[in-house]
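Here the structure is laid out as C-alpha cells; the discussion comes afterwards.
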Amino acid sequence: MLDGENCPISNSIRTFRAADLISMTIEPLIDAPLVVQAHVVTVVPAFVLGAWLLLFSRKGSRWHRTLGVVFLALIVITAVISLFIHRRTPESALFGMSSTHLFVPFVLFASWRAIDGALKGNITQHQRWVMGLFFGALVINGVNNIFFLPGITHDVFFE
C-alpha cells in the first residue's frame, strides 16, 4: 500500500507549480529594437482600452467617445509602427514583411469605417468594424504571435 510520502502521483502534484506552465521573461523585449518596444507600448494599452470599451463602457457617452478616439489612435499607430518591424522575415521578397503585416491595411480600412459609422450615426456599422478591429487585429493576431509564430512575442511568454 502506498502512503502519501511514497506515492509518485502525490509527489508530482506536490512539486507542480503554476509557474511551471509559463515562465515569462521580458528580457527578449528589453533586448529588442526600439521599434519593437514602441509597438508593444502602443498595442498593450490598445488591447486593455479596447476590452474595456467593448465590455464595460456606456456606449455613446462622452468617455466612450473620447477613449474610443484614443483606442483608434493607438491601434493605427501600432499598425504603422509594425511596418518597420522586419525581424521575423528580413529576407522576404515583400520588403521583409510577414503574414502579420497583412493586418495593417485591414486596421487602416476598419478604423476609417468605424469612424465613418460613428460620425454618420450608423452604430451597427461602427460596432461591427470596432469588434472586427479588436478581435481580428488584437486577439487573433495576438494569439497567432504568442503561440504559433517564432519571435520576440513568443519568446516573452515561452523562453
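Residues in the C-alpha cells are numbered from 1 in each chain, the chains being A, B, ... in the order shown, and ligands are numbered from 1 in the order shown.
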
8 Å contact set for Val104 of chain A, only C-alpha atoms, chain neighbours under 2 positions out, as a PyMOL selection string: chain A and resi 79-80+82-83+101-102+106-108

Could you name the residues that touch segment 114-129 of chain A at 10 Å or less, counting only C-alpha atoms, but leaving out those on the same chain fewer than 2 positions away, as a PyMOL selection string? chain A and resi 54+59-60+65+68-69+72+107+109-112+131-136

Residues as selected, C-alpha atoms, written as a JSON list (two decimals), in the first residue's frame, can you do that?
```json
[["chain", "number", "residue", "atom", "x", "y", "z"],
["A", 54, "LEU", "CA", -16.32, 46.72, -25.58],
["A", 59, "LYS", "CA", -21.86, 53.28, -25.31],
["A", 60, "GLY", "CA", -22.34, 56.78, -26.68],
["A", 65, "ARG", "CA", -16.23, 58.61, -27.50],
["A", 68, "GLY", "CA", -12.65, 55.40, -28.49],
["A", 69, "VAL", "CA", -10.60, 58.06, -30.27],
["A", 72, "LEU", "CA", -8.33, 54.03, -32.63],
["A", 107, "VAL", "CA", -6.60, 48.11, -39.45],
["A", 109, "PHE", "CA", -9.59, 50.43, -43.51],
["A", 110, "ALA", "CA", -11.52, 49.19, -40.45],
["A", 111, "SER", "CA", -10.59, 52.29, -38.45],
["A", 112, "TRP", "CA", -11.88, 54.52, -41.21],
["A", 131, "MET", "CA", -15.32, 44.50, -32.96],
["A", 132, "GLY", "CA", -13.56, 43.32, -36.12],
["A", 133, "LEU", "CA", -10.59, 45.51, -35.26],
["A", 134, "PHE", "CA", -10.41, 44.27, -31.70],
["A", 135, "PHE", "CA", -10.85, 40.57, -32.41],
["A", 136, "GLY", "CA", -9.05, 40.49, -35.76]]
```

Restricting the calculation to only C-alpha atoms: of A:Leu53, A:Ser61, A:Thr100, A:His39, which residue gets closest to Ile140 of chain A? A:Thr100

Extract, using only C-alpha atoms, all DNA, RNA and protein residues at most 12 Å from Ile152 of chain A, discarding same-chain residues fewer than 4 positions from it, and format them as a PyMOL selection string. chain A and resi 24-33+36-37+39-40+85-88+145-148+156-159

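One distance worth recording is that between atom CA of Leu74 of chain A and atom CA of Val48 of chain A, which is 11.0 Å.
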